[in-house]
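The data block below is target.txt; it holds compact mmCIF, N, CA and C atoms.
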```txt
# COMPACT_ATOMS: atom_id res chain seq x y z
N MET D 1 91.21 27.75 -194.20
CA MET D 1 90.71 28.63 -193.16
C MET D 1 90.79 27.90 -191.83
N GLU D 2 91.40 28.53 -190.85
CA GLU D 2 91.52 27.92 -189.53
C GLU D 2 90.17 27.92 -188.82
N GLU D 3 89.89 26.86 -188.09
CA GLU D 3 88.66 26.79 -187.30
C GLU D 3 89.03 26.51 -185.86
N ILE D 4 88.43 27.26 -184.94
CA ILE D 4 88.65 27.04 -183.51
C ILE D 4 87.31 26.75 -182.85
N THR D 5 87.38 26.14 -181.69
CA THR D 5 86.17 25.88 -180.91
C THR D 5 86.11 26.90 -179.78
N VAL D 6 84.97 27.56 -179.66
CA VAL D 6 84.78 28.57 -178.62
C VAL D 6 83.59 28.16 -177.76
N PRO D 7 83.82 27.94 -176.47
CA PRO D 7 82.70 27.65 -175.58
C PRO D 7 81.75 28.85 -175.52
N VAL D 8 80.45 28.58 -175.60
CA VAL D 8 79.43 29.63 -175.53
C VAL D 8 78.36 29.18 -174.54
N LYS D 9 77.85 30.12 -173.78
CA LYS D 9 76.81 29.83 -172.80
C LYS D 9 75.57 30.67 -173.13
N ARG D 10 74.44 29.97 -173.30
CA ARG D 10 73.17 30.69 -173.43
C ARG D 10 72.75 31.11 -172.02
N LEU D 11 72.45 32.36 -171.86
CA LEU D 11 72.04 32.85 -170.56
C LEU D 11 70.57 32.49 -170.31
N PRO D 12 70.18 32.37 -169.04
CA PRO D 12 68.82 31.94 -168.71
C PRO D 12 67.75 32.79 -169.43
N GLY D 13 66.78 32.08 -169.97
CA GLY D 13 65.67 32.74 -170.63
C GLY D 13 65.88 33.03 -172.10
N HIS D 14 66.99 32.54 -172.68
CA HIS D 14 67.29 32.86 -174.07
C HIS D 14 67.51 31.62 -174.94
N ASP D 15 66.99 30.48 -174.50
CA ASP D 15 67.14 29.23 -175.27
C ASP D 15 66.46 29.28 -176.63
N ASP D 16 65.52 30.20 -176.80
CA ASP D 16 64.78 30.29 -178.06
C ASP D 16 65.57 31.00 -179.16
N LEU D 17 66.64 31.69 -178.80
CA LEU D 17 67.42 32.46 -179.78
C LEU D 17 68.54 31.61 -180.37
N PRO D 18 68.83 31.80 -181.66
CA PRO D 18 69.94 31.04 -182.25
C PRO D 18 71.28 31.54 -181.75
N LEU D 19 72.24 30.65 -181.72
CA LEU D 19 73.62 31.05 -181.43
C LEU D 19 74.13 31.90 -182.60
N PRO D 20 75.18 32.69 -182.39
CA PRO D 20 75.74 33.43 -183.52
C PRO D 20 76.06 32.46 -184.66
N ARG D 21 75.78 32.91 -185.89
CA ARG D 21 75.99 32.00 -187.02
C ARG D 21 76.40 32.78 -188.26
N TYR D 22 77.14 32.07 -189.12
CA TYR D 22 77.54 32.62 -190.41
C TYR D 22 76.34 32.50 -191.35
N MET D 23 76.03 33.55 -192.08
CA MET D 23 74.87 33.53 -192.95
C MET D 23 75.20 33.06 -194.37
N THR D 24 76.49 33.04 -194.72
CA THR D 24 76.93 32.47 -196.00
C THR D 24 78.18 31.64 -195.74
N PRO D 25 78.52 30.71 -196.62
CA PRO D 25 79.66 29.83 -196.39
C PRO D 25 81.01 30.55 -196.23
N LYS D 26 81.18 31.71 -196.83
CA LYS D 26 82.47 32.40 -196.76
C LYS D 26 82.41 33.68 -195.93
N ALA D 27 81.36 33.87 -195.17
CA ALA D 27 81.23 35.06 -194.33
C ALA D 27 82.32 35.09 -193.26
N ALA D 28 82.84 36.27 -192.98
CA ALA D 28 83.84 36.45 -191.93
C ALA D 28 83.18 36.68 -190.57
N GLY D 29 82.00 37.27 -190.58
CA GLY D 29 81.30 37.60 -189.35
C GLY D 29 80.06 36.76 -189.14
N MET D 30 79.76 36.50 -187.86
CA MET D 30 78.55 35.79 -187.47
C MET D 30 77.53 36.81 -186.99
N ASP D 31 76.28 36.61 -187.35
CA ASP D 31 75.24 37.54 -186.91
C ASP D 31 74.86 37.27 -185.46
N LEU D 32 74.67 38.36 -184.72
CA LEU D 32 74.21 38.33 -183.33
C LEU D 32 72.76 38.79 -183.29
N CYS D 33 71.99 38.18 -182.42
CA CYS D 33 70.57 38.52 -182.30
C CYS D 33 70.28 39.29 -181.02
N ALA D 34 69.26 40.12 -181.08
CA ALA D 34 68.80 40.89 -179.92
C ALA D 34 68.08 39.97 -178.95
N ALA D 35 68.50 40.00 -177.69
CA ALA D 35 67.87 39.18 -176.65
C ALA D 35 67.05 40.07 -175.73
N ILE D 36 66.18 40.87 -176.33
CA ILE D 36 65.32 41.76 -175.55
C ILE D 36 63.97 41.08 -175.33
N LYS D 37 63.29 41.47 -174.25
CA LYS D 37 62.02 40.83 -173.90
C LYS D 37 60.89 41.34 -174.77
N SER D 38 60.90 42.62 -175.07
CA SER D 38 59.83 43.20 -175.88
C SER D 38 60.45 44.21 -176.85
N GLU D 39 59.64 44.59 -177.84
CA GLU D 39 60.13 45.52 -178.87
C GLU D 39 60.64 46.81 -178.24
N LEU D 40 61.72 47.29 -178.80
CA LEU D 40 62.33 48.55 -178.36
C LEU D 40 62.36 49.46 -179.58
N ILE D 41 62.00 50.71 -179.41
CA ILE D 41 62.08 51.69 -180.49
C ILE D 41 63.30 52.57 -180.25
N LEU D 42 64.22 52.57 -181.21
CA LEU D 42 65.42 53.39 -181.13
C LEU D 42 65.17 54.63 -182.01
N ASN D 43 64.90 55.74 -181.36
CA ASN D 43 64.59 56.98 -182.09
C ASN D 43 65.86 57.60 -182.66
N PRO D 44 65.72 58.46 -183.68
CA PRO D 44 66.90 59.13 -184.24
C PRO D 44 67.73 59.82 -183.15
N GLY D 45 69.02 59.57 -183.18
CA GLY D 45 69.94 60.15 -182.19
C GLY D 45 70.05 59.37 -180.91
N GLU D 46 69.20 58.41 -180.68
CA GLU D 46 69.25 57.62 -179.45
C GLU D 46 70.20 56.44 -179.58
N ARG D 47 70.68 55.98 -178.43
CA ARG D 47 71.52 54.79 -178.37
C ARG D 47 70.97 53.88 -177.29
N ALA D 48 71.25 52.60 -177.43
CA ALA D 48 70.80 51.62 -176.45
C ALA D 48 71.77 50.45 -176.43
N MET D 49 71.96 49.90 -175.22
CA MET D 49 72.76 48.69 -175.10
C MET D 49 71.82 47.50 -175.21
N ILE D 50 72.05 46.69 -176.24
CA ILE D 50 71.17 45.57 -176.54
C ILE D 50 71.87 44.27 -176.14
N PRO D 51 71.28 43.50 -175.23
CA PRO D 51 71.87 42.22 -174.84
C PRO D 51 71.71 41.18 -175.95
N THR D 52 72.60 40.19 -175.95
CA THR D 52 72.52 39.12 -176.95
C THR D 52 72.16 37.77 -176.33
N GLY D 53 72.15 37.68 -175.00
CA GLY D 53 71.75 36.42 -174.36
C GLY D 53 72.82 35.36 -174.32
N ILE D 54 74.06 35.73 -174.65
CA ILE D 54 75.16 34.75 -174.64
C ILE D 54 76.38 35.31 -173.93
N ALA D 55 77.22 34.40 -173.44
CA ALA D 55 78.54 34.72 -172.91
C ALA D 55 79.52 33.77 -173.59
N LEU D 56 80.76 34.24 -173.76
CA LEU D 56 81.78 33.47 -174.49
C LEU D 56 82.98 33.17 -173.59
N ALA D 57 83.73 32.14 -173.94
CA ALA D 57 85.02 31.85 -173.31
C ALA D 57 86.04 31.73 -174.45
N LEU D 58 86.48 32.88 -174.94
CA LEU D 58 87.44 32.89 -176.04
C LEU D 58 88.77 32.31 -175.60
N PRO D 59 89.45 31.59 -176.48
CA PRO D 59 90.77 31.07 -176.13
C PRO D 59 91.79 32.21 -176.00
N ASP D 60 92.81 31.99 -175.19
CA ASP D 60 93.91 32.95 -175.11
C ASP D 60 94.47 33.17 -176.51
N GLY D 61 94.84 34.39 -176.81
CA GLY D 61 95.39 34.71 -178.12
C GLY D 61 94.32 35.07 -179.13
N CYS D 62 93.06 35.12 -178.71
CA CYS D 62 91.96 35.50 -179.61
C CYS D 62 91.22 36.69 -179.03
N GLU D 63 90.49 37.36 -179.89
CA GLU D 63 89.56 38.41 -179.49
C GLU D 63 88.32 38.26 -180.36
N ALA D 64 87.24 38.83 -179.93
CA ALA D 64 86.04 38.92 -180.76
C ALA D 64 85.75 40.40 -180.96
N GLN D 65 85.44 40.77 -182.18
CA GLN D 65 85.07 42.15 -182.48
C GLN D 65 83.60 42.22 -182.83
N LEU D 66 82.93 43.20 -182.25
CA LEU D 66 81.54 43.49 -182.59
C LEU D 66 81.55 44.56 -183.66
N ARG D 67 80.85 44.28 -184.76
CA ARG D 67 80.85 45.19 -185.90
C ARG D 67 79.42 45.44 -186.38
N PRO D 68 79.20 46.57 -187.05
CA PRO D 68 77.86 46.84 -187.57
C PRO D 68 77.48 45.88 -188.69
N ARG D 69 76.19 45.73 -188.89
CA ARG D 69 75.68 45.03 -190.07
C ARG D 69 75.54 46.09 -191.15
N SER D 70 76.14 45.85 -192.29
CA SER D 70 76.17 46.86 -193.35
C SER D 70 74.77 47.22 -193.84
N GLY D 71 73.86 46.26 -193.91
CA GLY D 71 72.50 46.55 -194.35
C GLY D 71 71.78 47.50 -193.42
N LEU D 72 71.94 47.31 -192.10
CA LEU D 72 71.31 48.23 -191.15
C LEU D 72 71.90 49.62 -191.25
N ALA D 73 73.21 49.69 -191.42
CA ALA D 73 73.86 50.99 -191.53
C ALA D 73 73.39 51.72 -192.79
N TRP D 74 73.37 51.02 -193.90
CA TRP D 74 73.02 51.66 -195.18
C TRP D 74 71.54 52.00 -195.26
N LYS D 75 70.68 51.02 -194.93
CA LYS D 75 69.24 51.22 -195.12
C LYS D 75 68.58 52.02 -194.01
N GLU D 76 69.07 51.88 -192.78
CA GLU D 76 68.38 52.48 -191.63
C GLU D 76 69.21 53.53 -190.89
N GLY D 77 70.51 53.59 -191.15
CA GLY D 77 71.36 54.51 -190.41
C GLY D 77 71.67 54.02 -189.00
N VAL D 78 71.49 52.72 -188.76
CA VAL D 78 71.73 52.14 -187.44
C VAL D 78 73.08 51.44 -187.46
N THR D 79 73.91 51.77 -186.48
CA THR D 79 75.26 51.23 -186.43
C THR D 79 75.69 51.03 -184.99
N LEU D 80 76.91 50.59 -184.78
CA LEU D 80 77.45 50.42 -183.43
C LEU D 80 78.18 51.68 -183.02
N LEU D 81 77.95 52.08 -181.79
CA LEU D 81 78.56 53.31 -181.30
C LEU D 81 80.07 53.14 -181.07
N ASN D 82 80.48 52.02 -180.55
CA ASN D 82 81.90 51.75 -180.34
C ASN D 82 82.34 50.66 -181.30
N SER D 83 82.58 51.05 -182.52
CA SER D 83 82.87 50.05 -183.54
C SER D 83 84.33 50.12 -183.97
N PRO D 84 85.04 49.01 -183.92
CA PRO D 84 84.56 47.73 -183.41
C PRO D 84 84.66 47.67 -181.89
N GLY D 85 83.70 47.01 -181.30
CA GLY D 85 83.79 46.71 -179.88
C GLY D 85 84.65 45.47 -179.71
N THR D 86 85.43 45.42 -178.66
CA THR D 86 86.34 44.29 -178.44
C THR D 86 85.90 43.46 -177.25
N ILE D 87 85.88 42.15 -177.44
CA ILE D 87 85.65 41.21 -176.34
C ILE D 87 86.97 40.49 -176.11
N ASP D 88 87.51 40.64 -174.92
CA ASP D 88 88.78 40.03 -174.56
C ASP D 88 88.58 38.59 -174.11
N PRO D 89 89.64 37.77 -174.18
CA PRO D 89 89.49 36.35 -173.82
C PRO D 89 89.22 36.10 -172.33
N ASP D 90 89.44 37.10 -171.48
CA ASP D 90 89.16 36.89 -170.06
C ASP D 90 87.79 37.42 -169.63
N TYR D 91 87.00 37.95 -170.56
CA TYR D 91 85.65 38.45 -170.25
C TYR D 91 84.66 37.30 -170.29
N ARG D 92 83.84 37.18 -169.25
CA ARG D 92 82.85 36.11 -169.19
C ARG D 92 81.43 36.62 -169.03
N GLY D 93 81.23 37.92 -169.15
CA GLY D 93 79.90 38.47 -169.02
C GLY D 93 79.11 38.37 -170.32
N GLU D 94 77.88 38.86 -170.28
CA GLU D 94 77.02 38.82 -171.45
C GLU D 94 77.56 39.73 -172.54
N VAL D 95 77.53 39.24 -173.75
CA VAL D 95 77.88 40.06 -174.92
C VAL D 95 76.71 41.01 -175.16
N ALA D 96 77.02 42.30 -175.24
CA ALA D 96 76.00 43.32 -175.49
C ALA D 96 76.50 44.24 -176.59
N VAL D 97 75.57 44.84 -177.30
CA VAL D 97 75.87 45.66 -178.46
C VAL D 97 75.32 47.07 -178.21
N ILE D 98 76.14 48.09 -178.39
CA ILE D 98 75.66 49.47 -178.25
C ILE D 98 75.26 49.98 -179.63
N LEU D 99 73.95 50.03 -179.86
CA LEU D 99 73.43 50.51 -181.14
C LEU D 99 73.10 51.99 -181.04
N ILE D 100 73.26 52.71 -182.15
CA ILE D 100 72.85 54.11 -182.25
C ILE D 100 72.11 54.29 -183.57
N ASN D 101 71.08 55.11 -183.51
CA ASN D 101 70.29 55.39 -184.70
C ASN D 101 70.71 56.74 -185.27
N HIS D 102 71.49 56.71 -186.35
CA HIS D 102 71.88 57.93 -187.06
C HIS D 102 70.89 58.25 -188.17
N GLY D 103 69.85 57.44 -188.29
CA GLY D 103 68.86 57.63 -189.35
C GLY D 103 67.88 58.75 -189.03
N SER D 104 66.91 58.91 -189.91
CA SER D 104 65.94 60.00 -189.77
C SER D 104 64.58 59.53 -189.24
N LYS D 105 64.42 58.23 -189.00
CA LYS D 105 63.14 57.73 -188.50
C LYS D 105 63.38 56.71 -187.39
N PRO D 106 62.39 56.51 -186.53
CA PRO D 106 62.53 55.52 -185.46
C PRO D 106 62.81 54.13 -186.04
N PHE D 107 63.63 53.37 -185.32
CA PHE D 107 64.01 52.03 -185.75
C PHE D 107 63.55 51.03 -184.70
N PRO D 108 62.62 50.13 -185.08
CA PRO D 108 62.16 49.12 -184.11
C PRO D 108 63.13 47.94 -184.04
N ILE D 109 63.37 47.47 -182.83
CA ILE D 109 64.20 46.28 -182.61
C ILE D 109 63.32 45.27 -181.89
N LYS D 110 63.23 44.08 -182.47
CA LYS D 110 62.43 43.01 -181.88
C LYS D 110 63.33 41.88 -181.42
N ARG D 111 62.83 41.09 -180.52
CA ARG D 111 63.56 39.92 -180.03
C ARG D 111 63.94 39.04 -181.22
N GLY D 112 65.21 38.66 -181.29
CA GLY D 112 65.70 37.79 -182.35
C GLY D 112 66.19 38.51 -183.59
N ASP D 113 65.99 39.84 -183.67
CA ASP D 113 66.51 40.59 -184.82
C ASP D 113 68.03 40.49 -184.86
N ARG D 114 68.57 40.37 -186.07
CA ARG D 114 70.02 40.36 -186.25
C ARG D 114 70.49 41.81 -186.17
N ILE D 115 71.33 42.11 -185.17
CA ILE D 115 71.67 43.50 -184.88
C ILE D 115 73.15 43.85 -185.10
N ALA D 116 74.01 42.86 -185.17
CA ALA D 116 75.45 43.14 -185.30
C ALA D 116 76.15 41.88 -185.79
N GLN D 117 77.43 42.02 -186.07
CA GLN D 117 78.26 40.88 -186.45
C GLN D 117 79.35 40.68 -185.42
N LEU D 118 79.77 39.44 -185.27
CA LEU D 118 80.85 39.05 -184.38
C LEU D 118 81.94 38.39 -185.22
N VAL D 119 83.16 38.93 -185.14
CA VAL D 119 84.30 38.37 -185.85
C VAL D 119 85.34 37.96 -184.82
N VAL D 120 85.75 36.70 -184.85
CA VAL D 120 86.77 36.19 -183.94
C VAL D 120 88.08 36.10 -184.70
N SER D 121 89.15 36.62 -184.11
CA SER D 121 90.45 36.58 -184.78
C SER D 121 91.58 36.46 -183.78
N SER D 122 92.75 36.12 -184.29
CA SER D 122 93.96 36.03 -183.47
C SER D 122 94.51 37.42 -183.20
N VAL D 123 95.17 37.55 -182.08
CA VAL D 123 95.84 38.80 -181.73
C VAL D 123 97.27 38.49 -181.31
N CYS D 124 98.11 39.47 -181.38
CA CYS D 124 99.47 39.31 -180.87
C CYS D 124 99.70 40.34 -179.77
N ARG D 125 100.61 40.04 -178.88
CA ARG D 125 100.97 40.96 -177.80
C ARG D 125 102.18 41.76 -178.25
N VAL D 126 102.26 43.01 -177.81
CA VAL D 126 103.34 43.91 -178.20
C VAL D 126 104.33 44.06 -177.06
N SER D 127 105.58 44.01 -177.41
CA SER D 127 106.66 44.36 -176.50
C SER D 127 107.36 45.56 -177.13
N TRP D 128 107.27 46.72 -176.49
CA TRP D 128 107.83 47.95 -177.06
C TRP D 128 109.35 47.94 -176.99
N GLN D 129 109.95 48.42 -178.06
CA GLN D 129 111.39 48.60 -178.13
C GLN D 129 111.63 50.07 -178.45
N GLU D 130 111.86 50.85 -177.42
CA GLU D 130 112.00 52.29 -177.60
C GLU D 130 113.30 52.62 -178.32
N ARG D 131 113.22 53.55 -179.28
CA ARG D 131 114.37 53.97 -180.08
C ARG D 131 114.35 55.47 -180.28
N GLU D 132 115.51 56.02 -180.59
CA GLU D 132 115.62 57.45 -180.89
C GLU D 132 115.16 57.75 -182.32
N THR D 133 115.36 56.81 -183.24
CA THR D 133 114.95 56.98 -184.63
C THR D 133 114.27 55.70 -185.12
N LEU D 134 113.49 55.85 -186.18
CA LEU D 134 112.86 54.71 -186.83
C LEU D 134 113.37 54.60 -188.25
N ASP D 135 113.29 53.40 -188.84
CA ASP D 135 113.74 53.24 -190.22
C ASP D 135 112.88 54.11 -191.15
N GLU D 136 113.47 54.57 -192.22
CA GLU D 136 112.80 55.44 -193.18
C GLU D 136 111.96 54.62 -194.15
N THR D 137 110.83 55.20 -194.60
CA THR D 137 109.99 54.60 -195.63
C THR D 137 109.64 55.67 -196.66
N VAL D 138 109.13 55.27 -197.80
CA VAL D 138 108.73 56.23 -198.83
C VAL D 138 107.62 57.12 -198.29
N ARG D 139 106.69 56.56 -197.56
CA ARG D 139 105.57 57.33 -197.01
C ARG D 139 106.02 58.29 -195.92
N GLY D 140 106.94 57.85 -195.11
CA GLY D 140 107.40 58.70 -194.01
C GLY D 140 106.27 59.03 -193.06
N GLY D 141 106.13 60.31 -192.73
CA GLY D 141 105.10 60.76 -191.78
C GLY D 141 103.80 61.14 -192.45
N GLY D 142 103.62 60.85 -193.74
CA GLY D 142 102.37 61.21 -194.43
C GLY D 142 101.18 60.54 -193.79
N GLY D 143 100.21 61.33 -193.38
CA GLY D 143 99.04 60.79 -192.67
C GLY D 143 97.77 60.94 -193.47
N PHE D 144 96.74 61.35 -192.78
CA PHE D 144 95.40 61.45 -193.35
C PHE D 144 95.41 62.30 -194.61
N GLY D 145 94.96 61.73 -195.72
CA GLY D 145 94.83 62.46 -196.95
C GLY D 145 96.13 62.83 -197.65
N HIS D 146 97.20 62.14 -197.31
CA HIS D 146 98.50 62.51 -197.91
C HIS D 146 98.64 62.03 -199.35
N THR D 147 97.84 61.04 -199.76
CA THR D 147 97.90 60.58 -201.16
C THR D 147 96.79 61.26 -201.95
N LYS D 148 97.03 61.48 -203.23
CA LYS D 148 96.02 62.16 -204.06
C LYS D 148 95.51 61.26 -205.13
```
Can you dump the structure from the file as structure tokens?
Amino acid sequence: MEEITVPVKRLPGHDDLPLPRYMTPKAAGMDLCAAIKSELILNPGERAMIPTGIALALPDGCEAQLRPRSGLAWKEGVTLLNSPGTIDPDYRGEVAVILINHGSKPFPIKRGDRIAQLVVSSVCRVSWQERETLDETVRGGGGFGHTK
């Protein structure tokens, strides 16, 4: 497994929160914590942008994706509104998570709660080569629900 070093900055007032971390040795995503000052109640149907208290300096050729935590989605109906959210390597602002409550009851968020996952991966750049036809495949143009 490749390992890279990513500079991270704790924003003022958030030294008490842990940096994103892997919760198991083979986890792909690191948990992000809520950097809110006081408890926030996310009512059913509501959304909120939750700060994490950190900024990143991703290397060129990498991106970070913000993803839901499966336990929150399954147990509480709380997920990310723009999933996956993308953090580009030239962004230096605070990482924030847009949570939405699809559940049936209010969901409390406290400072330090694990609210999302961060996955860092390599990306490639595309150079389009326009053509009149494309090579044929068995699938062809079969889209959503084409297999039974």
Within 6.5 Å of Met30 (chain D) using all atoms listed in the file, minus same-chain residues under 6 positions, as a list in words: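 Non-adjacent residues within range: Pro20, Arg21, Tyr22, Met23, Ala116, Gln117, Leu118 and Val119 of chain D.
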Separation of CA of Lys37 (chain D) from atom C of Val120 (chain D) in Å: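 CA of Lys37 (chain D) lies at a distance of 28.6 Å from atom C of Val120 (chain D).
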Gap from CA of Arg114 (chain D) to atom C of Asn43 (chain D) - Å, one decimal: 18.1 Å
Atom pair atom C of Ala57 (chain D) / atom N of Ser121 (chain D): separation (Å):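 Rounded to one decimal, the two atoms are 11.3 Å apart.
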Gly112 (chain D) surroundings by only C-alpha atoms, 8 Å radius, close-in-sequence under 6 positions cut, as a PyMOL selection string: chain D and resi 17-18+33-36
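Nearest-residue note for Ser104 (chain D): choosing from D:Leu66, D:Gly45, D:Val138, D:Leu80, the minimum distance belongs to D:Gly45, counting all atoms listed in the file.
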Residue list (helix (DSSP H, G or I), DSSP) for region 18-144 of chain D, as an MDAnalysis selection string: chainID D and resid 70:76
Non-local contacts of Met49 (chain D) (8 Å; all atoms listed in the file; under 6 positions in same chain excluded) as a ChimeraX atom specification: /D:96-100
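Comparing D:Ala55, D:Ala28, D:Gly143, D:Ser38 by their smallest distance to Arg92 (chain D), the closest is D:Ala55 (using only C-alpha atoms).
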Selected residue, from D:Thr86, D:Ser122, D:Thr147, D:Thr137, that lies nearest to Gly61 (chain D) when counting all atoms listed in the file: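 Closest candidate: D:Ser122.
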Residues flagged strand (DSSP E or B) by DSSP in chain D, as a PyMOL selection string: chain D and resi 8-10+21-22+30-33+40-42+47-56+62-67+78-80+85-87+94-101+107-109+114-122
Polymer residues at most 7 Å from Val6 (chain D), only N, CA and C atoms, same-chain spacing of 5 or more positions, as a list in words: Leu56, Ala57, Leu58 and Pro59 of chain D
